[in-house]
Each structure stands twice: as structure tokens, then as C-alpha cells.
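Undergrad: Structure: entry12.txt, compact mmCIF, N, CA and C atoms.
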```txt
# COMPACT_ATOMS: atom_id res chain seq x y z
N MET L 6 111.12 -91.15 -130.20
CA MET L 6 110.97 -92.49 -129.67
C MET L 6 111.30 -93.50 -130.77
N ALA L 7 112.05 -94.50 -130.41
CA ALA L 7 112.44 -95.53 -131.38
C ALA L 7 111.44 -96.68 -131.39
N PHE L 8 111.33 -97.28 -132.53
CA PHE L 8 110.53 -98.48 -132.72
C PHE L 8 111.44 -99.52 -133.36
N TYR L 9 111.11 -100.78 -133.17
CA TYR L 9 111.96 -101.85 -133.65
C TYR L 9 111.15 -102.89 -134.42
N CYS L 10 111.76 -103.42 -135.45
CA CYS L 10 111.24 -104.58 -136.15
C CYS L 10 112.20 -105.71 -135.80
N TYR L 11 111.69 -106.90 -135.53
CA TYR L 11 112.56 -107.98 -135.07
C TYR L 11 112.15 -109.32 -135.65
N LEU L 12 113.12 -110.23 -135.65
CA LEU L 12 112.88 -111.62 -136.02
C LEU L 12 113.30 -112.49 -134.84
N LEU L 13 112.42 -113.41 -134.47
CA LEU L 13 112.73 -114.41 -133.45
C LEU L 13 112.94 -115.74 -134.13
N GLU L 14 113.88 -116.50 -133.61
CA GLU L 14 114.03 -117.88 -134.07
C GLU L 14 113.36 -118.77 -133.03
N CYS L 15 112.41 -119.57 -133.49
CA CYS L 15 111.66 -120.46 -132.61
C CYS L 15 112.38 -121.80 -132.49
N THR L 16 112.00 -122.61 -131.50
CA THR L 16 112.67 -123.89 -131.28
C THR L 16 112.51 -124.85 -132.45
N ASP L 17 111.47 -124.69 -133.25
CA ASP L 17 111.29 -125.57 -134.40
C ASP L 17 112.02 -125.06 -135.65
N GLY L 18 112.82 -123.99 -135.50
CA GLY L 18 113.60 -123.47 -136.61
C GLY L 18 112.88 -122.45 -137.47
N THR L 19 111.62 -122.16 -137.16
CA THR L 19 110.89 -121.15 -137.92
C THR L 19 111.21 -119.77 -137.36
N TYR L 20 110.81 -118.76 -138.10
CA TYR L 20 111.01 -117.38 -137.68
C TYR L 20 109.67 -116.70 -137.44
N TYR L 21 109.68 -115.82 -136.47
CA TYR L 21 108.51 -114.99 -136.19
C TYR L 21 108.97 -113.54 -136.32
N CYS L 22 108.17 -112.74 -136.99
CA CYS L 22 108.49 -111.33 -137.19
C CYS L 22 107.48 -110.46 -136.47
N GLY L 23 107.96 -109.40 -135.84
CA GLY L 23 107.07 -108.46 -135.17
C GLY L 23 107.71 -107.09 -135.05
N TRP L 24 107.00 -106.18 -134.41
CA TRP L 24 107.53 -104.85 -134.14
C TRP L 24 107.18 -104.49 -132.71
N THR L 25 107.95 -103.58 -132.13
CA THR L 25 107.76 -103.21 -130.73
C THR L 25 108.48 -101.90 -130.42
N LYS L 26 108.21 -101.36 -129.24
CA LYS L 26 108.97 -100.21 -128.75
C LYS L 26 110.10 -100.67 -127.83
N ASP L 27 110.02 -101.90 -127.32
CA ASP L 27 111.01 -102.41 -126.36
C ASP L 27 111.32 -103.87 -126.71
N VAL L 28 112.42 -104.10 -127.39
CA VAL L 28 112.75 -105.44 -127.89
C VAL L 28 112.96 -106.44 -126.74
N VAL L 29 113.72 -106.06 -125.75
CA VAL L 29 114.02 -106.98 -124.64
C VAL L 29 112.75 -107.41 -123.94
N ARG L 30 111.90 -106.45 -123.62
CA ARG L 30 110.63 -106.76 -122.94
C ARG L 30 109.76 -107.66 -123.81
N ARG L 31 109.72 -107.38 -125.09
CA ARG L 31 108.87 -108.17 -125.99
C ARG L 31 109.35 -109.61 -126.10
N VAL L 32 110.64 -109.82 -126.19
CA VAL L 32 111.18 -111.19 -126.26
C VAL L 32 110.85 -111.93 -124.96
N GLU L 33 110.99 -111.26 -123.84
CA GLU L 33 110.64 -111.87 -122.55
C GLU L 33 109.17 -112.27 -122.53
N MET L 34 108.31 -111.41 -123.07
CA MET L 34 106.88 -111.72 -123.12
C MET L 34 106.63 -112.97 -123.97
N HIS L 35 107.27 -113.04 -125.13
CA HIS L 35 107.12 -114.22 -125.98
C HIS L 35 107.54 -115.48 -125.21
N ASN L 36 108.64 -115.40 -124.49
CA ASN L 36 109.14 -116.57 -123.77
C ASN L 36 108.31 -116.93 -122.55
N ARG L 37 107.52 -115.99 -122.04
CA ARG L 37 106.59 -116.29 -120.94
C ARG L 37 105.26 -116.80 -121.46
N GLY L 38 105.11 -116.84 -122.78
CA GLY L 38 103.84 -117.29 -123.36
C GLY L 38 102.82 -116.18 -123.47
N GLN L 39 103.25 -114.94 -123.32
CA GLN L 39 102.35 -113.80 -123.38
C GLN L 39 102.49 -113.03 -124.69
N GLY L 40 103.22 -113.60 -125.62
CA GLY L 40 103.40 -112.96 -126.92
C GLY L 40 102.36 -113.49 -127.90
N ALA L 41 102.75 -113.58 -129.13
CA ALA L 41 101.86 -114.05 -130.18
C ALA L 41 101.51 -115.52 -130.01
N ARG L 42 100.35 -115.89 -130.44
CA ARG L 42 99.91 -117.29 -130.38
C ARG L 42 100.92 -118.21 -131.09
N TYR L 43 101.49 -117.72 -132.19
CA TYR L 43 102.45 -118.51 -132.97
C TYR L 43 103.64 -118.94 -132.11
N THR L 44 104.15 -118.04 -131.29
CA THR L 44 105.36 -118.36 -130.52
C THR L 44 105.06 -119.16 -129.25
N ARG L 45 103.83 -119.17 -128.79
CA ARG L 45 103.51 -119.88 -127.54
C ARG L 45 103.86 -121.35 -127.60
N ALA L 46 103.62 -121.97 -128.73
CA ALA L 46 103.89 -123.41 -128.89
C ALA L 46 105.31 -123.67 -129.38
N ARG L 47 106.08 -122.63 -129.57
CA ARG L 47 107.41 -122.78 -130.15
C ARG L 47 108.49 -122.16 -129.26
N ARG L 48 108.27 -122.19 -127.96
CA ARG L 48 109.21 -121.62 -127.00
C ARG L 48 110.25 -122.63 -126.60
N PRO L 49 111.40 -122.14 -126.14
CA PRO L 49 111.78 -120.74 -126.04
C PRO L 49 112.18 -120.19 -127.41
N VAL L 50 112.05 -118.89 -127.54
CA VAL L 50 112.47 -118.20 -128.76
C VAL L 50 113.73 -117.41 -128.44
N ARG L 51 114.48 -117.09 -129.47
CA ARG L 51 115.66 -116.24 -129.26
C ARG L 51 115.62 -115.11 -130.27
N LEU L 52 116.08 -113.95 -129.85
CA LEU L 52 116.15 -112.80 -130.73
C LEU L 52 117.26 -113.04 -131.74
N ALA L 53 116.90 -113.08 -133.02
CA ALA L 53 117.87 -113.36 -134.07
C ALA L 53 118.25 -112.11 -134.85
N TYR L 54 117.35 -111.13 -134.88
CA TYR L 54 117.58 -109.93 -135.70
C TYR L 54 116.69 -108.81 -135.21
N PHE L 55 117.19 -107.59 -135.27
CA PHE L 55 116.33 -106.43 -135.02
C PHE L 55 116.93 -105.22 -135.71
N GLU L 56 116.08 -104.27 -135.98
CA GLU L 56 116.54 -103.00 -136.52
C GLU L 56 115.70 -101.88 -135.93
N GLU L 57 116.34 -100.75 -135.70
CA GLU L 57 115.68 -99.60 -135.11
C GLU L 57 115.11 -98.72 -136.22
N LEU L 58 113.88 -98.28 -136.03
CA LEU L 58 113.21 -97.42 -137.00
C LEU L 58 112.66 -96.20 -136.28
N GLU L 59 112.34 -95.16 -137.04
CA GLU L 59 111.97 -93.88 -136.44
C GLU L 59 110.51 -93.75 -136.05
N SER L 60 109.64 -94.56 -136.66
CA SER L 60 108.22 -94.41 -136.36
C SER L 60 107.53 -95.77 -136.33
N GLN L 61 106.36 -95.78 -135.72
CA GLN L 61 105.56 -97.00 -135.67
C GLN L 61 105.17 -97.44 -137.08
N SER L 62 104.76 -96.51 -137.90
CA SER L 62 104.35 -96.88 -139.26
C SER L 62 105.51 -97.46 -140.06
N GLU L 63 106.71 -96.91 -139.86
CA GLU L 63 107.89 -97.45 -140.54
C GLU L 63 108.19 -98.87 -140.05
N ALA L 64 108.07 -99.09 -138.76
CA ALA L 64 108.30 -100.43 -138.20
C ALA L 64 107.27 -101.43 -138.73
N MET L 65 106.03 -101.00 -138.82
CA MET L 65 104.98 -101.89 -139.32
C MET L 65 105.19 -102.20 -140.81
N ARG L 66 105.63 -101.21 -141.58
CA ARG L 66 105.92 -101.44 -143.00
C ARG L 66 107.07 -102.43 -143.16
N ARG L 67 108.10 -102.25 -142.33
CA ARG L 67 109.25 -103.17 -142.40
C ARG L 67 108.84 -104.58 -142.00
N GLU L 68 107.99 -104.70 -141.00
CA GLU L 68 107.48 -106.01 -140.59
C GLU L 68 106.77 -106.69 -141.76
N ARG L 69 105.90 -105.96 -142.45
CA ARG L 69 105.19 -106.54 -143.59
C ARG L 69 106.16 -107.00 -144.67
N SER L 70 107.20 -106.22 -144.93
CA SER L 70 108.15 -106.61 -145.98
C SER L 70 108.97 -107.83 -145.56
N LEU L 71 109.33 -107.92 -144.28
CA LEU L 71 110.08 -109.09 -143.81
C LEU L 71 109.22 -110.35 -143.85
N LYS L 72 107.95 -110.22 -143.53
CA LYS L 72 107.06 -111.39 -143.54
C LYS L 72 106.92 -111.98 -144.93
N LYS L 73 107.13 -111.17 -145.96
CA LYS L 73 107.03 -111.66 -147.33
C LYS L 73 108.28 -112.42 -147.78
N LYS L 74 109.36 -112.29 -147.06
CA LYS L 74 110.61 -112.95 -147.43
C LYS L 74 110.55 -114.44 -147.11
N SER L 75 111.29 -115.21 -147.89
CA SER L 75 111.37 -116.66 -147.66
C SER L 75 112.20 -116.94 -146.41
N HIS L 76 112.12 -118.16 -145.94
CA HIS L 76 112.93 -118.59 -144.79
C HIS L 76 114.41 -118.38 -145.09
N GLU L 77 114.81 -118.73 -146.30
CA GLU L 77 116.21 -118.59 -146.69
C GLU L 77 116.64 -117.12 -146.70
N GLN L 78 115.79 -116.25 -147.20
CA GLN L 78 116.10 -114.81 -147.22
C GLN L 78 116.22 -114.26 -145.80
N LYS L 79 115.35 -114.71 -144.91
CA LYS L 79 115.43 -114.28 -143.51
C LYS L 79 116.71 -114.80 -142.87
N SER L 80 117.08 -116.04 -143.18
CA SER L 80 118.32 -116.62 -142.65
C SER L 80 119.53 -115.81 -143.12
N ASP L 81 119.53 -115.41 -144.39
CA ASP L 81 120.63 -114.59 -144.92
C ASP L 81 120.69 -113.24 -144.21
N LEU L 82 119.55 -112.62 -143.98
CA LEU L 82 119.49 -111.34 -143.28
C LEU L 82 120.06 -111.48 -141.86
N ILE L 83 119.69 -112.55 -141.18
CA ILE L 83 120.19 -112.81 -139.83
C ILE L 83 121.70 -113.05 -139.85
N ARG L 84 122.15 -113.81 -140.81
CA ARG L 84 123.59 -114.10 -140.93
C ARG L 84 124.37 -112.79 -141.15
N GLN L 85 123.89 -111.94 -142.05
CA GLN L 85 124.55 -110.65 -142.30
C GLN L 85 124.52 -109.77 -141.05
N PHE L 86 123.42 -109.76 -140.35
CA PHE L 86 123.28 -108.98 -139.12
C PHE L 86 124.30 -109.45 -138.09
N ASN L 87 124.44 -110.76 -137.92
CA ASN L 87 125.38 -111.30 -136.93
C ASN L 87 126.81 -111.00 -137.33
N GLU L 88 127.13 -111.09 -138.61
CA GLU L 88 128.48 -110.76 -139.05
C GLU L 88 128.80 -109.30 -138.78
N LYS L 89 127.85 -108.43 -139.08
CA LYS L 89 128.03 -107.00 -138.86
C LYS L 89 128.17 -106.69 -137.37
N THR L 90 127.35 -107.33 -136.55
CA THR L 90 127.37 -107.11 -135.11
C THR L 90 128.69 -107.56 -134.49
N HIS L 91 129.25 -108.65 -135.00
CA HIS L 91 130.47 -109.19 -134.42
C HIS L 91 131.74 -108.56 -134.99
N GLU L 92 131.61 -107.68 -135.97
CA GLU L 92 132.78 -106.97 -136.51
C GLU L 92 133.29 -105.94 -135.52
N SER L 93 132.42 -105.37 -134.75
CA SER L 93 132.79 -104.29 -133.82
C SER L 93 133.70 -104.75 -132.73
```
When written as C-alpha cells, how does the structure in this file appear?
TA:
Amino acid sequence: MAFYCYLLECTDGTYYCGWTKDVVRRVEMHNRGQGARYTRARRPVRLAYFEELESQSEAMRRERSLKKKSHEQKSDLIRQFNEKTHES
């Protein structure tokens, strides 16, 4: 079973980081106001970045490491992700 770590971009330009088993469902929940308290006041959110990991513990570790990154570092990660995604 796959797990995912993700970054959402909120309407105020901030990022929210989380982990889940189903990225699409989780983003929908955030946009319905059923996600984290942080995103409820910052809707709509958009999925800016995600990565697939092999275990829940790995996803949670990655979430902790992403939360420690600065806004600029997260922006760079998202930019690299989008460039890589659009190369295909």
C-alpha cells in the first residue's frame, strides 16, 4: 500500500504539509473544510506537490522534514516537481 506526503498551496500563499493514503480524497476534504484547521480558513487549496512513499512511518518522517523547510525551500521543491512533471 502506498502512502503520500503532500504540500498544498493555500489562497493566502502559504503551504500546508500532510500525509495520506489517498491524495485526491484528502485534497477534496481540505476544500470541503473537513481537513486540517489550518486549511479551513485558507480555502480553496490546490495540490502543489506530492511524493509516494512505501510506509506510513516513512510518509510521516518526510512530512516532518518538509515542515522544517522554509517557504522558499518549499517553493523550490514545488518548482522542481512541476518542471519534472511537465517534462514527460
Undergrad: What's the separation between atom C of Leu71 of chain L and atom N of Gly38 of chain L, in Å to one decimal place?
TA: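 Distance reported for this atom pair: 22.4 Å.
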Undergrad: Which residue, L:Lys74, L:Pro49, L:Arg66, L:Glu59, has the smallest gap to Met6 of chain L when you use only N, CA and C atoms?
TA: L:Glu59
Undergrad: Would you list the contacts of Tyr20 of chain L as a list in words, taking every protein, DNA or RNA residue within 8 Å and counting only C-alpha atoms, but skipping same-chain residues closer than 4 positions in sequence?
TA: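 Returned residues: Leu12, Leu13, Glu14, Cys15, His76 and Lys79 of chain L.
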Undergrad: Let me make sure I understand: among L:Tyr21, L:Tyr9, L:Val29, L:Arg42, which one has the smallest atom-to-atom distance to Glu63 of chain L if we use only N, CA and C atoms?
TA: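 The answer is L:Tyr9, which sits nearest to Glu63 of chain L.
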Undergrad: Counting only C-alpha atoms, write as a ChimeraX atom specification all protein and nucleic acid residues lying at most 12 Å from (124.0, -111.7, -139.4) in the file's frame.
TA: /L:12,52-56,78-92
